[in-house]
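> Sharing a structure with you now.
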Amino acid sequence: MDEWRIGPDTFISRFFLGSGKTARYTKELIDSAVDHACTEMISVAVKTLDTPNSPLSMIPENMRILPNTLGAHSVEEAVAMAHKAREKGLGDRIKIEIMTDSRYFLPDPHATVEATKRLVEDGFLVYPYFYPELRVGKQLAEAGAVALMPLASPSGSNKGLQTRDFIQELIRTIPLPIIVDAGIGCPSQACEAMELGCAAVMANTALATADDLNLMADAFRMAIEAGRAGYLSHRHNRLLHGGKV
C-alpha cells in the first residue's frame with residue numbers, strides 16, 4: 001500500500017479501529033485488528049481511561065492512539081476531555097465527538113466546529129466526527145482540522161454508505177484526508193468507501209460482532225486494499241475526485 005499522511009503522522013495502513021463497542025473479547029479484537037487488519041491507529045474514548053477494563057491497557061505500546069470525546073454533549077465537555085487525554089500522556093491527537101441524541105449518536109455540527117477552533121488554538125491535531133454536510137466540512141477545514149471523519153450512516157447501524165453522495169462531495173472539494181466513520185458494517189462497504197476516494201476507514205462493530213475475528217480483520221484489510229487500488233487505477237474517478245491522498 002502507498003504511504004499517506006495526516007498532519008505529522010505517516011501511515012501505510014488505511015484501516016483505523018474504533019474501540020467504542022463493548023466486545024465479547026476486547027483484547028482479542030485489538031490483537032486481530034493489529035495483526036490481521038494491520039491497523040496503525042486505534043481510537044479510545046477518554047471517558048474509559050480511568051476504568052478497570054480500559055481498552056488503552058490492551059493496546060500495544062507502539063500503536064498510535066486517537067483519543068475521542070464520546071459522551072460529550074457540549075464544547076466545554078469535549079475540550080475538557082481533550083486536555084485530560086493530553087495530561088495522561090496520549091499526545092495531541094483528538095477525535096471530536098459531540099452528540100445531540102442518545103439513539104443515533106448524531107454529532108452537533110455547530111459545537112463540533114467551535115470545539116475544533118478552540119482545540120486547534122490549544123495545539124491539538126483535531127479529527128472531527130460530523131454529518132457530511134459540505135458547509136460544515138469547509139468550516140472544520142478552515143478551523144484547522146487535520147482530517148475529516150464523516151459518518152457513513154448512524155453509528156453501529158452497519159448500513160454502509162448511506163451518505164455516499166455527500167462524502168463524495170467532501171472528497172472532491174476539501175483538500176484534507178477523509179476518513180469514513182460510523183456505519184461500515186462489512187468489508188464490501190469499506191471497499192466502496194475506498195474506491196470512492198476516502199483516505200481511510202474506521203470500523204468497530206463489524207469486527208466486534210464477528211464470529212471469526214481474524215477472518216473478518218483479514219477481509220477488511222483486503223477489501224480496503226482492493227478499494228484503494230480500484231480508486232488509483234480508475235483514471236476518470238481519480239480526476240473527478242482530485243486524487244489527493
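Chain lettering (A, B, ...) mirrors the order of the C-alpha cells, residue numbering begins at 1 for each chain separately, and ligand numbering begins at 1 in order of display.
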Distance table requested - region 25-77 of chain A against region 85-108 of chain A, cut-off 7 Å, only C-alpha atoms: one row per qualifying residue with the closest atom pair and its distance in Å to one decimal, ordered by chain and rising residue number, as a Markdown table.

| residue | atom | partner | partner_atom | distance |
| --- | --- | --- | --- | --- |
| A:Val46 | CA | A:Ala85 | CA | 6.3 |
| A:Ile65 | CA | A:Leu90 | CA | 6.9 |
| A:Leu66 | CA | A:Arg93 | CA | 5.7 |
| A:Pro67 | CA | A:Ile94 | CA | 5.2 |
| A:Asn68 | CA | A:Lys95 | CA | 4.4 |
| A:Thr69 | CA | A:Glu97 | CA | 5.2 |
| A:Leu70 | CA | A:Glu97 | CA | 5.4 |
| A:Ala72 | CA | A:Ile98 | CA | 5.1 |
| A:His73 | CA | A:Ile98 | CA | 5.1 |
| A:Ser74 | CA | A:Ile98 | CA | 6.3 |
> Compile the contact shell of region 179-190 of chain A as a ChimeraX atom specification: residues with an atom at most 9 Å away, counting only C-alpha atoms, same-chain residues fewer than 6 positions apart removed.
/A:14,16,18,129,147-162,167,198-207,216-217,219-224,227
> For the contact check between region 143-212 of chain A and region 111-123 of chain A, emit one row per residue of region 143-212 of chain A within 8 Å, containing the shortest atom pair and the distance in Å rounded to one decimal, counting only C-alpha atoms, chain then rising number order, as a tab-separated table.

residue	atom	partner	partner_atom	distance
A:Ala143	CA	A:Lys117	CA	5.0
A:Gly144	CA	A:Val120	CA	6.2
A:Ala145	CA	A:Thr116	CA	6.7
> Using the selection just defined, write its residues with N, CA, C and O atoms as an mmCIF file, in the first residue's frame.

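Result saved to result-v7.cif:
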data_model
loop_
_atom_site.group_PDB
_atom_site.id
_atom_site.type_symbol
_atom_site.label_atom_id
_atom_site.label_comp_id
_atom_site.auth_asym_id
_atom_site.auth_seq_id
_atom_site.Cartn_x
_atom_site.Cartn_y
_atom_site.Cartn_z
ATOM 1 N N ALA A 143 -11.182 25.823 10.264
ATOM 2 C CA ALA A 143 -10.846 25.884 11.683
ATOM 3 C C ALA A 143 -9.511 25.219 11.996
ATOM 4 O O ALA A 143 -8.972 25.386 13.091
ATOM 5 N N GLY A 144 -8.983 24.426 11.053
ATOM 6 C CA GLY A 144 -7.668 23.829 11.243
ATOM 7 C C GLY A 144 -7.645 22.337 11.481
ATOM 8 O O GLY A 144 -6.613 21.795 11.898
ATOM 9 N N ALA A 145 -8.757 21.638 11.233
ATOM 10 C CA ALA A 145 -8.767 20.182 11.384
ATOM 11 C C ALA A 145 -7.708 19.555 10.481
ATOM 12 O O ALA A 145 -7.441 20.056 9.387
#
> Apply DSSP to the structure's backbone, then extract all residues of region 72-214 of chain A labelled strand (DSSP E) and return them as a list in words.
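Taking region 72-214 of chain A and keeping strand (DSSP E) only, one gets Arg93, Ile94, Lys95, Ile96, Leu125, Val126, Tyr127, Pro128, Tyr129, Phe130, Met149, Pro150, Ile179, Val180, Asp181, Ala200, Val201, Met202 and Ala203 of chain A.
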> Put those residues in a file: N, CA, C and O atoms, as a JSON list (two decimals), in the first residue's frame.

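After the write, result.json holds the following:
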[["chain", "number", "residue", "atom", "x", "y", "z"],
["A", 93, "ARG", "N", -3.29, 14.33, 19.46],
["A", 93, "ARG", "CA", -4.39, 13.94, 18.59],
["A", 93, "ARG", "C", -5.69, 13.88, 19.40],
["A", 93, "ARG", "O", -5.71, 13.39, 20.53],
["A", 94, "ILE", "N", -6.80, 14.31, 18.77],
["A", 94, "ILE", "CA", -8.09, 14.18, 19.44],
["A", 94, "ILE", "C", -9.19, 14.07, 18.38],
["A", 94, "ILE", "O", -9.21, 14.82, 17.41],
["A", 95, "LYS", "N", -10.05, 13.10, 18.57],
["A", 95, "LYS", "CA", -11.23, 12.96, 17.72],
["A", 95, "LYS", "C", -12.40, 13.61, 18.46],
["A", 95, "LYS", "O", -12.73, 13.21, 19.57],
["A", 96, "ILE", "N", -13.00, 14.61, 17.83],
["A", 96, "ILE", "CA", -14.10, 15.33, 18.47],
["A", 96, "ILE", "C", -15.42, 14.65, 18.13],
["A", 96, "ILE", "O", -15.79, 14.50, 16.97],
["A", 125, "LEU", "N", -4.18, 18.25, 17.33],
["A", 125, "LEU", "CA", -4.42, 17.76, 15.97],
["A", 125, "LEU", "C", -5.83, 17.19, 15.97],
["A", 125, "LEU", "O", -6.07, 16.11, 16.51],
["A", 126, "VAL", "N", -6.76, 17.92, 15.39],
["A", 126, "VAL", "CA", -8.18, 17.62, 15.57],
["A", 126, "VAL", "C", -8.75, 16.83, 14.40],
["A", 126, "VAL", "O", -8.61, 17.22, 13.24],
["A", 127, "TYR", "N", -9.41, 15.72, 14.76],
["A", 127, "TYR", "CA", -10.13, 14.86, 13.81],
["A", 127, "TYR", "C", -11.62, 14.98, 14.16],
["A", 127, "TYR", "O", -12.11, 14.26, 15.03],
["A", 128, "PRO", "N", -12.38, 15.84, 13.51],
["A", 128, "PRO", "CA", -13.79, 15.98, 13.87],
["A", 128, "PRO", "C", -14.69, 14.94, 13.20],
["A", 128, "PRO", "O", -14.56, 14.65, 12.01],
["A", 129, "TYR", "N", -15.61, 14.41, 13.99],
["A", 129, "TYR", "CA", -16.64, 13.47, 13.52],
["A", 129, "TYR", "C", -17.91, 14.28, 13.28],
["A", 129, "TYR", "O", -18.35, 15.01, 14.16],
["A", 130, "PHE", "N", -18.50, 14.16, 12.09],
["A", 130, "PHE", "CA", -19.64, 15.02, 11.76],
["A", 130, "PHE", "C", -20.48, 14.39, 10.66],
["A", 130, "PHE", "O", -20.05, 13.48, 9.95],
["A", 149, "MET", "N", -13.82, 13.27, 9.55],
["A", 149, "MET", "CA", -14.37, 11.94, 9.78],
["A", 149, "MET", "C", -15.89, 11.96, 9.65],
["A", 149, "MET", "O", -16.61, 11.99, 10.65],
["A", 150, "PRO", "N", -16.40, 11.96, 8.42],
["A", 150, "PRO", "CA", -17.85, 11.96, 8.22],
["A", 150, "PRO", "C", -18.45, 10.59, 8.49],
["A", 150, "PRO", "O", -17.83, 9.56, 8.23],
["A", 179, "ILE", "N", -11.76, 10.34, 6.31],
["A", 179, "ILE", "CA", -11.78, 9.00, 6.92],
["A", 179, "ILE", "C", -13.23, 8.67, 7.24],
["A", 179, "ILE", "O", -13.81, 9.25, 8.16],
["A", 180, "VAL", "N", -13.80, 7.77, 6.48],
["A", 180, "VAL", "CA", -15.22, 7.47, 6.69],
["A", 180, "VAL", "C", -15.38, 6.72, 8.01],
["A", 180, "VAL", "O", -14.61, 5.82, 8.34],
["A", 181, "ASP", "N", -16.37, 7.14, 8.79],
["A", 181, "ASP", "CA", -16.52, 6.63, 10.16],
["A", 181, "ASP", "C", -18.00, 6.40, 10.44],
["A", 181, "ASP", "O", -18.85, 7.17, 10.00],
["A", 200, "ALA", "N", -9.18, 6.64, 4.31],
["A", 200, "ALA", "CA", -9.15, 5.51, 5.23],
["A", 200, "ALA", "C", -10.55, 5.22, 5.72],
["A", 200, "ALA", "O", -11.49, 5.99, 5.48],
["A", 201, "VAL", "N", -10.68, 4.11, 6.44],
["A", 201, "VAL", "CA", -11.96, 3.68, 7.01],
["A", 201, "VAL", "C", -11.74, 3.37, 8.48],
["A", 201, "VAL", "O", -10.75, 2.72, 8.85],
["A", 202, "MET", "N", -12.67, 3.81, 9.33],
["A", 202, "MET", "CA", -12.68, 3.39, 10.73],
["A", 202, "MET", "C", -13.88, 2.49, 10.96],
["A", 202, "MET", "O", -14.98, 2.80, 10.52],
["A", 203, "ALA", "N", -13.66, 1.37, 11.62],
["A", 203, "ALA", "CA", -14.75, 0.45, 11.92],
["A", 203, "ALA", "C", -14.53, -0.16, 13.29],
["A", 203, "ALA", "O", -13.42, -0.19, 13.81]]
> Work out how far CA of Glu192 (chain A) is from CA of Thr10 (chain A), in Å to one decimal.
23.3 Å
> Show which residues sit within 12 Å of Asn62 (chain A), as a short mmCIF file (atom, residue, chain, number, x, y, z; two decimals) with N, CA and C atoms, in the first residue's frame. Count only C-alpha atoms, and ignore same-chain residues fewer than 2 positions away.

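This is the output file part.cif:
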data_model
loop_
_atom_site.label_atom_id
_atom_site.label_comp_id
_atom_site.auth_asym_id
_atom_site.auth_seq_id
_atom_site.Cartn_x
_atom_site.Cartn_y
_atom_site.Cartn_z
N VAL A 34 -4.71 -5.41 14.84
CA VAL A 34 -3.29 -5.08 14.65
C VAL A 34 -2.61 -6.12 13.76
N THR A 39 -3.91 -2.43 11.37
CA THR A 39 -4.22 -1.06 11.78
C THR A 39 -3.00 -0.39 12.42
N GLU A 40 -2.89 0.92 12.23
CA GLU A 40 -1.83 1.72 12.84
C GLU A 40 -2.38 2.82 13.73
N MET A 41 -3.72 2.85 13.89
CA MET A 41 -4.36 3.85 14.74
C MET A 41 -5.60 3.25 15.39
N ILE A 42 -5.69 3.40 16.71
CA ILE A 42 -6.85 2.91 17.44
C ILE A 42 -7.43 4.06 18.24
N LEU A 56 -7.25 0.99 26.55
CA LEU A 56 -5.88 1.51 26.47
C LEU A 56 -4.87 0.52 27.03
N MET A 58 -4.88 -2.55 26.75
CA MET A 58 -4.77 -3.73 25.88
C MET A 58 -4.11 -3.42 24.54
N ILE A 59 -3.72 -2.16 24.34
CA ILE A 59 -3.17 -1.72 23.06
C ILE A 59 -1.65 -1.79 23.10
N PRO A 60 -1.01 -2.31 22.06
CA PRO A 60 0.46 -2.35 22.02
C PRO A 60 1.07 -0.96 22.21
N ARG A 64 -0.36 4.04 17.53
CA ARG A 64 -0.87 5.40 17.62
C ARG A 64 -2.26 5.37 18.24
N ILE A 65 -2.49 6.28 19.18
CA ILE A 65 -3.77 6.36 19.86
C ILE A 65 -4.49 7.63 19.42
N LEU A 90 -1.28 11.06 26.23
CA LEU A 90 -1.72 10.49 24.96
C LEU A 90 -1.47 11.42 23.78
#
> Using CA of Ala229 (chain A) and CA of Ser13 (chain A) as the two end points, give the distance in Å to one decimal.
13.2 Å
> With distances taken over only C-alpha atoms, which of A:Glu76, A:Asp212, A:Glu3, A:Glu169 is nearest to Gly197 (chain A)?
A:Glu169
> Tell me, which residues of region 173-217 of chain A carry DSSP helix (DSSP H, G or I), written as a list in words?
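Residues of region 173-217 of chain A classed as helix (DSSP H, G or I): Thr173, Pro187, Ser188, Gln189, Ala190, Cys191, Glu192, Ala193, Met194, Glu195, Leu196, Thr205, Ala206, Leu207, Ala208, Leu213, Asn214, Leu215, Met216 and Ala217 of chain A.
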> Could you write those residues out with C-alpha atoms, as an mmCIF file, in the first residue's frame?

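Output (selection.cif):
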data_model
loop_
_atom_site.group_PDB
_atom_site.id
_atom_site.type_symbol
_atom_site.label_atom_id
_atom_site.label_comp_id
_atom_site.auth_asym_id
_atom_site.auth_seq_id
_atom_site.Cartn_x
_atom_site.Cartn_y
_atom_site.Cartn_z
ATOM 1 C CA THR A 173 -13.960 19.818 -2.583
ATOM 2 C CA PRO A 187 -15.735 -5.432 4.049
ATOM 3 C CA SER A 188 -17.609 -4.655 0.827
ATOM 4 C CA GLN A 189 -18.783 -1.348 2.311
ATOM 5 C CA ALA A 190 -15.217 -0.471 3.281
ATOM 6 C CA CYS A 191 -14.118 -1.305 -0.268
ATOM 7 C CA GLU A 192 -16.807 1.003 -1.654
ATOM 8 C CA ALA A 193 -15.654 3.866 0.576
ATOM 9 C CA MET A 194 -12.055 3.440 -0.544
ATOM 10 C CA GLU A 195 -12.965 3.169 -4.216
ATOM 11 C CA LEU A 196 -14.881 6.426 -3.804
ATOM 12 C CA THR A 205 -18.961 -3.003 15.313
ATOM 13 C CA ALA A 206 -18.368 -5.088 12.188
ATOM 14 C CA LEU A 207 -15.276 -6.627 13.756
ATOM 15 C CA ALA A 208 -16.524 -6.731 17.331
ATOM 16 C CA LEU A 213 -12.269 -12.055 14.373
ATOM 17 C CA ASN A 214 -9.134 -12.856 12.401
ATOM 18 C CA LEU A 215 -11.020 -13.770 9.261
ATOM 19 C CA MET A 216 -13.076 -10.566 9.409
ATOM 20 C CA ALA A 217 -9.955 -8.467 10.027
#
